[in-house]
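Listing of query.cif; format and content: mmCIF, N, CA and C atoms and all ligand atoms.
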data_protein
#
loop_
_atom_site.label_atom_id
_atom_site.label_comp_id
_atom_site.auth_asym_id
_atom_site.auth_seq_id
_atom_site.Cartn_x
_atom_site.Cartn_y
_atom_site.Cartn_z
N MET A 1 90.41 90.92 -115.44
CA MET A 1 91.47 90.41 -116.34
C MET A 1 91.62 88.90 -116.15
N TRP A 2 91.57 88.18 -117.24
CA TRP A 2 91.54 86.71 -117.14
C TRP A 2 92.88 86.13 -116.71
N ALA A 3 94.00 86.82 -116.98
CA ALA A 3 95.29 86.32 -116.49
C ALA A 3 95.27 86.28 -114.97
N TRP A 4 94.65 87.29 -114.40
CA TRP A 4 94.53 87.37 -112.94
C TRP A 4 93.68 86.22 -112.43
N MET A 5 92.56 85.95 -113.13
CA MET A 5 91.68 84.86 -112.71
C MET A 5 92.39 83.51 -112.83
N ALA A 6 93.13 83.35 -113.92
CA ALA A 6 93.85 82.08 -114.12
C ALA A 6 94.86 81.85 -113.02
N CYS A 7 95.59 82.91 -112.68
CA CYS A 7 96.63 82.76 -111.67
C CYS A 7 96.05 82.61 -110.27
N SER A 8 94.89 83.20 -110.02
CA SER A 8 94.36 83.13 -108.67
C SER A 8 93.47 81.91 -108.48
N SER A 9 93.38 81.05 -109.51
CA SER A 9 92.51 79.88 -109.39
C SER A 9 93.09 78.80 -108.48
N SER A 10 94.39 78.85 -108.24
CA SER A 10 94.98 77.88 -107.31
C SER A 10 95.78 78.64 -106.27
N PRO A 11 95.08 79.19 -105.27
CA PRO A 11 95.72 80.10 -104.33
C PRO A 11 96.71 79.45 -103.35
N SER A 12 96.86 78.12 -103.40
CA SER A 12 97.73 77.47 -102.41
C SER A 12 99.18 77.35 -102.89
N VAL A 13 99.41 77.66 -104.15
CA VAL A 13 100.77 77.50 -104.66
C VAL A 13 101.08 78.62 -105.66
N GLU A 14 102.33 79.05 -105.65
CA GLU A 14 102.73 80.11 -106.58
C GLU A 14 102.64 79.60 -108.01
N ARG A 15 102.17 80.43 -108.90
CA ARG A 15 102.04 80.05 -110.30
C ARG A 15 102.77 81.05 -111.18
N VAL A 16 103.05 80.63 -112.40
CA VAL A 16 103.70 81.52 -113.36
C VAL A 16 103.13 81.23 -114.75
N GLY A 17 103.02 82.27 -115.54
CA GLY A 17 102.48 82.10 -116.88
C GLY A 17 102.98 83.18 -117.82
N PHE A 18 102.63 83.01 -119.08
CA PHE A 18 103.06 83.96 -120.11
C PHE A 18 101.83 84.65 -120.70
N TRP A 19 101.95 85.93 -120.85
CA TRP A 19 100.86 86.73 -121.40
C TRP A 19 101.40 87.43 -122.64
N PHE A 20 100.70 87.25 -123.73
CA PHE A 20 101.15 87.82 -125.01
C PHE A 20 100.26 89.01 -125.34
N VAL A 21 100.84 90.19 -125.38
CA VAL A 21 100.03 91.39 -125.58
C VAL A 21 100.52 92.20 -126.77
N THR A 22 99.60 92.95 -127.32
CA THR A 22 99.91 93.81 -128.45
C THR A 22 99.99 95.24 -127.95
N ARG A 23 101.01 95.91 -128.34
CA ARG A 23 101.17 97.29 -127.90
C ARG A 23 100.34 98.20 -128.80
N LEU A 24 99.62 99.10 -128.18
CA LEU A 24 98.82 100.06 -128.95
C LEU A 24 99.65 101.32 -129.19
N ALA A 25 99.13 102.19 -130.01
CA ALA A 25 99.88 103.40 -130.36
C ALA A 25 100.10 104.29 -129.14
N LYS A 26 99.15 104.26 -128.23
CA LYS A 26 99.25 105.11 -127.05
C LYS A 26 100.42 104.68 -126.16
N GLU A 27 101.03 105.61 -125.53
CA GLU A 27 102.16 105.34 -124.64
C GLU A 27 101.79 104.32 -123.57
N ASN A 28 102.58 103.24 -123.48
CA ASN A 28 102.40 102.21 -122.46
C ASN A 28 101.00 101.59 -122.42
N ALA A 29 100.30 101.58 -123.55
CA ALA A 29 98.98 100.97 -123.60
C ALA A 29 99.08 99.63 -124.33
N PHE A 30 98.44 98.60 -123.76
CA PHE A 30 98.54 97.27 -124.33
C PHE A 30 97.17 96.65 -124.50
N GLU A 31 97.05 95.83 -125.53
CA GLU A 31 95.83 95.09 -125.74
C GLU A 31 96.08 93.65 -125.32
N SER A 32 95.20 93.13 -124.50
CA SER A 32 95.37 91.79 -123.97
C SER A 32 95.31 90.73 -125.08
N GLY A 33 96.17 89.73 -124.98
CA GLY A 33 96.15 88.62 -125.92
C GLY A 33 96.09 87.31 -125.16
N ASP A 34 96.66 86.26 -125.73
CA ASP A 34 96.61 84.94 -125.10
C ASP A 34 97.37 84.91 -123.78
N PHE A 35 96.86 84.10 -122.88
CA PHE A 35 97.57 83.84 -121.63
C PHE A 35 97.76 82.34 -121.50
N MET A 36 98.97 81.92 -121.17
CA MET A 36 99.25 80.50 -120.99
C MET A 36 99.98 80.27 -119.68
N MET A 37 99.39 79.41 -118.88
CA MET A 37 100.02 79.04 -117.62
C MET A 37 101.15 78.05 -117.90
N VAL A 38 102.27 78.21 -117.21
CA VAL A 38 103.33 77.21 -117.32
C VAL A 38 102.86 75.96 -116.57
N PRO A 39 102.86 74.80 -117.24
CA PRO A 39 102.38 73.57 -116.56
C PRO A 39 103.24 73.26 -115.33
N PRO A 40 102.62 72.70 -114.28
CA PRO A 40 103.36 72.42 -113.04
C PRO A 40 104.64 71.61 -113.27
N ASN A 41 104.64 70.69 -114.23
CA ASN A 41 105.84 69.87 -114.45
C ASN A 41 106.93 70.63 -115.22
N ARG A 42 106.65 71.89 -115.55
CA ARG A 42 107.65 72.74 -116.21
C ARG A 42 108.07 73.91 -115.32
N VAL A 43 107.72 73.80 -114.05
CA VAL A 43 108.16 74.81 -113.08
C VAL A 43 109.30 74.20 -112.28
N LEU A 44 110.47 74.81 -112.35
CA LEU A 44 111.65 74.23 -111.71
C LEU A 44 111.68 74.47 -110.22
N ARG A 45 111.17 75.64 -109.82
CA ARG A 45 111.18 75.95 -108.41
C ARG A 45 109.89 76.69 -108.08
N GLN A 46 109.29 76.33 -106.98
CA GLN A 46 107.99 76.88 -106.64
C GLN A 46 107.87 76.99 -105.13
N ASP A 47 108.15 78.18 -104.60
CA ASP A 47 107.92 78.38 -103.18
C ASP A 47 107.38 79.80 -102.98
N GLN A 48 107.27 80.21 -101.72
CA GLN A 48 106.61 81.50 -101.47
C GLN A 48 107.47 82.69 -101.89
N GLN A 49 108.73 82.46 -102.13
CA GLN A 49 109.60 83.57 -102.53
C GLN A 49 109.81 83.63 -104.03
N GLN A 50 109.68 82.47 -104.66
CA GLN A 50 110.14 82.41 -106.03
C GLN A 50 109.44 81.31 -106.81
N VAL A 51 109.10 81.61 -108.04
CA VAL A 51 108.57 80.59 -108.92
C VAL A 51 109.34 80.70 -110.23
N VAL A 52 110.00 79.61 -110.60
CA VAL A 52 110.94 79.65 -111.73
C VAL A 52 110.50 78.67 -112.81
N PRO A 53 110.11 79.21 -113.99
CA PRO A 53 109.75 78.30 -115.08
C PRO A 53 110.98 77.71 -115.74
N ASP A 54 110.81 76.56 -116.36
CA ASP A 54 111.85 75.94 -117.16
C ASP A 54 112.31 76.95 -118.23
N PRO A 55 113.62 77.21 -118.33
CA PRO A 55 114.10 78.17 -119.34
C PRO A 55 113.66 77.82 -120.76
N LEU A 56 113.47 76.52 -121.02
CA LEU A 56 113.01 76.13 -122.36
C LEU A 56 111.61 76.67 -122.64
N CYS A 57 110.78 76.74 -121.60
CA CYS A 57 109.44 77.32 -121.76
C CYS A 57 109.54 78.80 -122.06
N LEU A 58 110.49 79.45 -121.41
CA LEU A 58 110.69 80.88 -121.65
C LEU A 58 111.15 81.14 -123.08
N VAL A 59 112.06 80.30 -123.56
CA VAL A 59 112.53 80.43 -124.95
C VAL A 59 111.37 80.21 -125.91
N TRP A 60 110.55 79.20 -125.60
CA TRP A 60 109.38 78.93 -126.44
C TRP A 60 108.46 80.16 -126.46
N ALA A 61 108.23 80.74 -125.29
CA ALA A 61 107.34 81.90 -125.19
C ALA A 61 107.91 83.09 -125.97
N CYS A 62 109.22 83.26 -125.92
CA CYS A 62 109.85 84.36 -126.67
C CYS A 62 109.65 84.16 -128.17
N ARG A 63 109.83 82.93 -128.60
CA ARG A 63 109.65 82.64 -130.03
C ARG A 63 108.20 82.84 -130.46
N ARG A 64 107.29 82.46 -129.58
CA ARG A 64 105.87 82.66 -129.89
C ARG A 64 105.55 84.14 -129.99
N ALA A 65 106.12 84.92 -129.06
CA ALA A 65 105.92 86.38 -129.10
C ALA A 65 106.46 86.94 -130.42
N ARG A 66 107.61 86.44 -130.84
CA ARG A 66 108.19 86.91 -132.10
C ARG A 66 107.28 86.57 -133.29
N SER A 67 106.81 85.31 -133.33
CA SER A 67 106.02 84.90 -134.50
C SER A 67 104.63 85.52 -134.51
N THR A 68 104.15 85.99 -133.36
CA THR A 68 102.83 86.62 -133.32
C THR A 68 102.93 88.14 -133.18
N ALA A 69 104.16 88.66 -133.24
CA ALA A 69 104.39 90.10 -133.12
C ALA A 69 103.75 90.68 -131.86
N THR A 70 103.92 89.96 -130.76
CA THR A 70 103.39 90.44 -129.49
C THR A 70 104.54 90.69 -128.52
N THR A 71 104.22 91.30 -127.40
CA THR A 71 105.20 91.54 -126.34
C THR A 71 104.92 90.56 -125.21
N LEU A 72 105.98 89.94 -124.73
CA LEU A 72 105.82 88.94 -123.67
C LEU A 72 105.78 89.60 -122.29
N PHE A 73 104.77 89.23 -121.53
CA PHE A 73 104.68 89.62 -120.12
C PHE A 73 104.79 88.34 -119.29
N LEU A 74 105.66 88.37 -118.32
CA LEU A 74 105.78 87.25 -117.40
C LEU A 74 104.85 87.54 -116.21
N VAL A 75 103.91 86.63 -115.98
CA VAL A 75 102.92 86.82 -114.91
C VAL A 75 103.21 85.80 -113.81
N HIS A 76 103.28 86.24 -112.56
CA HIS A 76 103.44 85.28 -111.48
C HIS A 76 102.67 85.74 -110.25
N THR A 77 102.42 84.80 -109.36
CA THR A 77 101.60 85.09 -108.19
C THR A 77 102.45 85.24 -106.93
N HIS A 78 101.90 86.00 -106.00
CA HIS A 78 102.43 86.08 -104.63
C HIS A 78 101.27 85.69 -103.74
N ILE A 79 101.23 84.44 -103.34
CA ILE A 79 100.03 83.98 -102.62
C ILE A 79 99.93 84.54 -101.20
N ALA A 80 101.06 84.82 -100.57
CA ALA A 80 101.00 85.25 -99.18
C ALA A 80 101.55 86.66 -98.99
N GLN A 81 101.61 87.41 -100.07
CA GLN A 81 102.20 88.74 -99.97
C GLN A 81 101.34 89.76 -100.71
N ASP A 82 101.80 90.99 -100.69
CA ASP A 82 101.17 92.04 -101.49
C ASP A 82 101.55 91.83 -102.94
N ALA A 83 100.81 92.51 -103.80
CA ALA A 83 101.18 92.51 -105.22
C ALA A 83 102.28 93.55 -105.42
N ARG A 84 103.40 93.26 -104.82
CA ARG A 84 104.55 94.16 -104.94
C ARG A 84 105.74 93.32 -105.40
N PHE A 85 106.45 93.80 -106.39
CA PHE A 85 107.58 93.05 -106.91
C PHE A 85 108.66 92.93 -105.83
N SER A 86 109.18 91.72 -105.68
CA SER A 86 110.21 91.48 -104.66
C SER A 86 111.59 91.82 -105.22
N HIS A 87 112.59 91.78 -104.34
CA HIS A 87 113.96 92.00 -104.79
C HIS A 87 114.40 90.89 -105.74
N ILE A 88 113.89 89.68 -105.48
CA ILE A 88 114.21 88.56 -106.37
C ILE A 88 113.62 88.81 -107.76
N ASP A 89 112.36 89.28 -107.78
CA ASP A 89 111.72 89.62 -109.06
C ASP A 89 112.55 90.65 -109.81
N GLU A 90 112.95 91.66 -109.06
CA GLU A 90 113.71 92.78 -109.63
C GLU A 90 114.99 92.27 -110.30
N ALA A 91 115.75 91.47 -109.55
CA ALA A 91 117.03 90.97 -110.06
C ALA A 91 116.82 90.03 -111.24
N THR A 92 115.79 89.16 -111.14
CA THR A 92 115.52 88.21 -112.21
C THR A 92 115.13 88.93 -113.50
N GLU A 93 114.21 89.88 -113.37
CA GLU A 93 113.74 90.60 -114.57
C GLU A 93 114.86 91.43 -115.19
N ARG A 94 115.67 92.04 -114.35
CA ARG A 94 116.77 92.86 -114.87
C ARG A 94 117.71 91.99 -115.72
N ARG A 95 117.92 90.76 -115.23
CA ARG A 95 118.80 89.83 -115.95
C ARG A 95 118.12 89.32 -117.24
N MET A 96 116.82 89.04 -117.14
CA MET A 96 116.09 88.45 -118.27
C MET A 96 115.78 89.43 -119.38
N ALA A 97 115.48 90.67 -119.02
CA ALA A 97 114.90 91.63 -119.96
C ALA A 97 115.64 91.73 -121.30
N PRO A 98 116.96 91.94 -121.30
CA PRO A 98 117.64 92.06 -122.61
C PRO A 98 117.52 90.81 -123.46
N HIS A 99 117.55 89.63 -122.80
CA HIS A 99 117.45 88.37 -123.53
C HIS A 99 116.06 88.17 -124.10
N VAL A 100 115.04 88.47 -123.28
CA VAL A 100 113.65 88.33 -123.75
C VAL A 100 113.40 89.28 -124.92
N MET A 101 113.86 90.51 -124.80
CA MET A 101 113.67 91.49 -125.88
C MET A 101 114.33 91.00 -127.16
N SER A 102 115.53 90.47 -127.02
CA SER A 102 116.28 90.01 -128.18
C SER A 102 115.60 88.79 -128.83
N LEU A 103 115.24 87.81 -127.99
CA LEU A 103 114.63 86.58 -128.52
C LEU A 103 113.23 86.81 -129.07
N SER A 104 112.48 87.70 -128.43
CA SER A 104 111.09 87.92 -128.84
C SER A 104 110.97 88.93 -129.97
N GLY A 105 112.04 89.69 -130.19
CA GLY A 105 111.99 90.70 -131.24
C GLY A 105 111.15 91.91 -130.86
N SER A 106 110.81 92.02 -129.58
CA SER A 106 110.03 93.17 -129.10
C SER A 106 110.97 94.15 -128.41
N ARG A 107 110.64 95.41 -128.45
CA ARG A 107 111.45 96.40 -127.74
C ARG A 107 111.10 96.42 -126.26
N TYR A 108 110.12 95.58 -125.87
CA TYR A 108 109.63 95.64 -124.50
C TYR A 108 109.53 94.25 -123.88
N PHE A 109 109.56 94.25 -122.57
CA PHE A 109 109.31 93.04 -121.79
C PHE A 109 108.50 93.48 -120.59
N GLY A 110 107.39 92.78 -120.33
CA GLY A 110 106.54 93.19 -119.23
C GLY A 110 106.49 92.16 -118.12
N ALA A 111 106.06 92.60 -116.96
CA ALA A 111 105.92 91.70 -115.82
C ALA A 111 104.67 92.08 -115.04
N VAL A 112 103.98 91.06 -114.56
CA VAL A 112 102.79 91.27 -113.73
C VAL A 112 102.92 90.40 -112.50
N VAL A 113 102.64 90.97 -111.34
CA VAL A 113 102.59 90.16 -110.12
C VAL A 113 101.16 90.20 -109.61
N VAL A 114 100.65 89.01 -109.28
CA VAL A 114 99.26 88.86 -108.87
C VAL A 114 99.21 88.37 -107.43
N ALA A 115 98.52 89.11 -106.57
CA ALA A 115 98.30 88.70 -105.18
C ALA A 115 96.81 88.38 -105.05
N PRO A 116 96.38 87.81 -103.91
CA PRO A 116 94.98 87.40 -103.80
C PRO A 116 93.96 88.49 -104.15
N SER A 117 94.23 89.73 -103.82
CA SER A 117 93.20 90.75 -104.06
C SER A 117 93.66 91.91 -104.94
N GLU A 118 94.82 91.83 -105.48
CA GLU A 118 95.31 92.92 -106.31
C GLU A 118 96.40 92.44 -107.24
N TYR A 119 96.79 93.30 -108.15
CA TYR A 119 97.91 92.98 -109.02
C TYR A 119 98.59 94.27 -109.45
N CYS A 120 99.82 94.16 -109.90
CA CYS A 120 100.44 95.34 -110.49
C CYS A 120 101.38 94.89 -111.61
N ALA A 121 101.64 95.82 -112.49
CA ALA A 121 102.39 95.51 -113.71
C ALA A 121 103.46 96.55 -113.95
N ARG A 122 104.46 96.11 -114.67
CA ARG A 122 105.50 97.06 -115.06
C ARG A 122 106.11 96.63 -116.37
N LEU A 123 106.79 97.58 -116.97
CA LEU A 123 107.32 97.40 -118.30
C LEU A 123 108.81 97.74 -118.31
N TRP A 124 109.55 96.87 -118.99
CA TRP A 124 110.97 97.16 -119.23
C TRP A 124 111.08 97.66 -120.66
N ARG A 125 111.50 98.90 -120.81
CA ARG A 125 111.78 99.49 -122.12
C ARG A 125 113.29 99.53 -122.28
N PRO A 126 113.79 99.74 -123.49
CA PRO A 126 115.25 99.74 -123.66
C PRO A 126 115.94 100.70 -122.70
N GLU A 127 115.36 101.88 -122.49
CA GLU A 127 115.99 102.85 -121.59
C GLU A 127 115.91 102.39 -120.13
N ASP A 128 114.86 101.60 -119.81
CA ASP A 128 114.73 101.08 -118.45
C ASP A 128 115.80 100.02 -118.17
N VAL A 129 116.10 99.23 -119.21
CA VAL A 129 117.12 98.19 -119.06
C VAL A 129 118.48 98.85 -118.77
N GLU A 130 118.74 99.95 -119.48
CA GLU A 130 120.00 100.65 -119.26
C GLU A 130 120.09 101.20 -117.84
N LEU A 131 118.97 101.74 -117.36
CA LEU A 131 118.96 102.32 -116.01
C LEU A 131 118.78 101.25 -114.93
N GLY A 132 118.28 100.07 -115.33
CA GLY A 132 118.05 98.99 -114.37
C GLY A 132 116.77 99.17 -113.58
N THR A 133 115.91 100.09 -114.02
CA THR A 133 114.66 100.36 -113.30
C THR A 133 113.48 100.32 -114.27
N PRO A 134 112.51 99.42 -114.04
CA PRO A 134 111.36 99.34 -114.94
C PRO A 134 110.35 100.46 -114.69
N THR A 135 109.38 100.56 -115.59
CA THR A 135 108.33 101.57 -115.49
C THR A 135 107.02 100.93 -115.08
N ALA A 136 106.41 101.43 -114.03
CA ALA A 136 105.10 100.91 -113.59
C ALA A 136 104.06 101.28 -114.62
N ILE A 137 103.17 100.33 -114.95
CA ILE A 137 102.11 100.62 -115.90
C ILE A 137 100.77 100.16 -115.35
N ASP A 138 99.70 100.73 -115.90
CA ASP A 138 98.35 100.38 -115.49
C ASP A 138 97.76 99.45 -116.56
N ILE A 139 97.40 98.23 -116.15
CA ILE A 139 96.86 97.28 -117.14
C ILE A 139 95.39 96.96 -116.86
N ARG A 140 94.76 97.77 -116.04
CA ARG A 140 93.34 97.53 -115.76
C ARG A 140 92.54 97.65 -117.05
N ASP A 141 91.54 96.78 -117.19
CA ASP A 141 90.69 96.80 -118.39
C ASP A 141 89.86 98.08 -118.43
ZN ZN A 201 107.60 87.72 -107.11
#
Once more with this new file: its structure as structure tokens, please.
Ligand SMILES: [Zn+2]
Amino acid sequence: MWAWMACSSSPSVERVGFWFVTRLAKENAFESGDFMMVPPNRVLRQDQQQVVPDPLCLVWACRRARSTATTLFLVHTHIAQDARFSHIDEATERRMAPHVMSLSGSRYFGAVVVAPSEYCARLWRPEDVELGTPTAIDIRD
């Protein structure tokens, strides 16, 4: 997966990017689309626990998802950890999900965490937002 390659190309610093995907008819199946890394000068905070993109970039990404009828996935790296979503990720996504869904016009919001040798993904569906718990999905090609 090229989003994984893009994110793992600079293993010394946490990175974040936007992945625009098209949902297929099959349950939780997605077709890969464009991936865009957030430029370093648009990352507000970047450390081993957290990487925070400029909210304006996020709004831009939501609008792009809306105009291209895609679902936005937020991709970020964990350079010194497992590809496991942290508590910070959990809280951030829970807060973001309803806004991203609303701004992007998609019923879904996805997240991918990339570690040096693995990655994992999950999806926030409307029912997941209500419960506060996302659904793990398989995005392997
Ligand atoms: Zn994280």
Item to check | Which of stretch 54-94 of chain A fall in strand (DSSP E), as a ChimeraX atom specification | outcome: /A:71-77
Determine, for each residue of chain A having at least one atom at most 6.5 Å from an atom of ligand ZN 201 (chain A), the closest pair of atoms and their separation in Å to one decimal, counting all atoms listed in the file; order by chain and ascending number, as a tab-separated table.
residue	atom	partner	partner_atom	distance
A:Gln49	C	A:ZN201	ZN	5.6
A:Gln50	CA	A:ZN201	ZN	6.0
A:Val51	N	A:ZN201	ZN	6.4
A:His76	C	A:ZN201	ZN	6.2
A:Thr77	C	A:ZN201	ZN	5.7
A:His78	CA	A:ZN201	ZN	6.0
A:Arg84	C	A:ZN201	ZN	6.1
A:Phe85	CA	A:ZN201	ZN	5.3
A:Ser86	N	A:ZN201	ZN	4.5
A:Ile88	C	A:ZN201	ZN	6.2
A:Asp89	CA	A:ZN201	ZN	4.9
A:Val113	CA	A:ZN201	ZN	6.3
Item to check | Closest of A:Asp54, A:Asp138, A:Asp34, A:Asp128 to A:Val16 - atom-to-atom distances counting only C-alpha atoms | outcome: A:Asp54
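Nearest residue to A:Cys62, choosing from A:Val114, A:Met96, A:Met101, A:Ala136 and counting all atoms listed in the file: A:Met101.
Across the structure, atom CA of A:Arg122 and atom C of A:Val38 are spaced 21.3 Å apart.
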Checklist entry - Could you state the separation of atom CA of A:Gly17 and atom N of A:Thr71 in Å, given to one decimal place? => result 14.1 Å
Checklist entry - With distances taken over all atoms listed in the file, which of A:Asn41, A:Gln48, A:Thr22, A:Thr68 is nearest to A:Ala80? => result A:Gln48
With 5 Å on each side, where is the centre of the axis-aligned box around all listed atoms of stretch 99-108 of chain A, and how long are its edges in Å to one decimal, as lines of an AutoDock Vina configuration file?
center_x = 113.5
center_y = 91.5
center_z = -127.0
size_x = 18.0
size_y = 19.8
size_z = 18.4
Checklist entry - So how far away is atom CA of A:Met36 from atom N of A:Val100, in Å? => result 17.8 Å
Item to check | Contacts of A:Ala29 at 8 Å (all atoms listed in the file; same-chain gap of 5+ positions) as a list of chain:residue names | outcome: A:Val21, A:Thr22, A:Arg23, A:Leu24, A:Ile137, A:Asp138, A:Ile139
Item to check | Pick from A:Pro134, A:Leu58, A:Ala115, A:Arg66 nearest to A:Arg94, counting all atoms listed in the file | outcome: A:Pro134
Next on the checklist: From a backbone DSSP assignment, name each residue in chain A labelled alpha helix (DSSP H), as a VMD selection string.
Outcome noted: chain A and resid 2 to 7 55 to 67 87 to 104 126 to 131
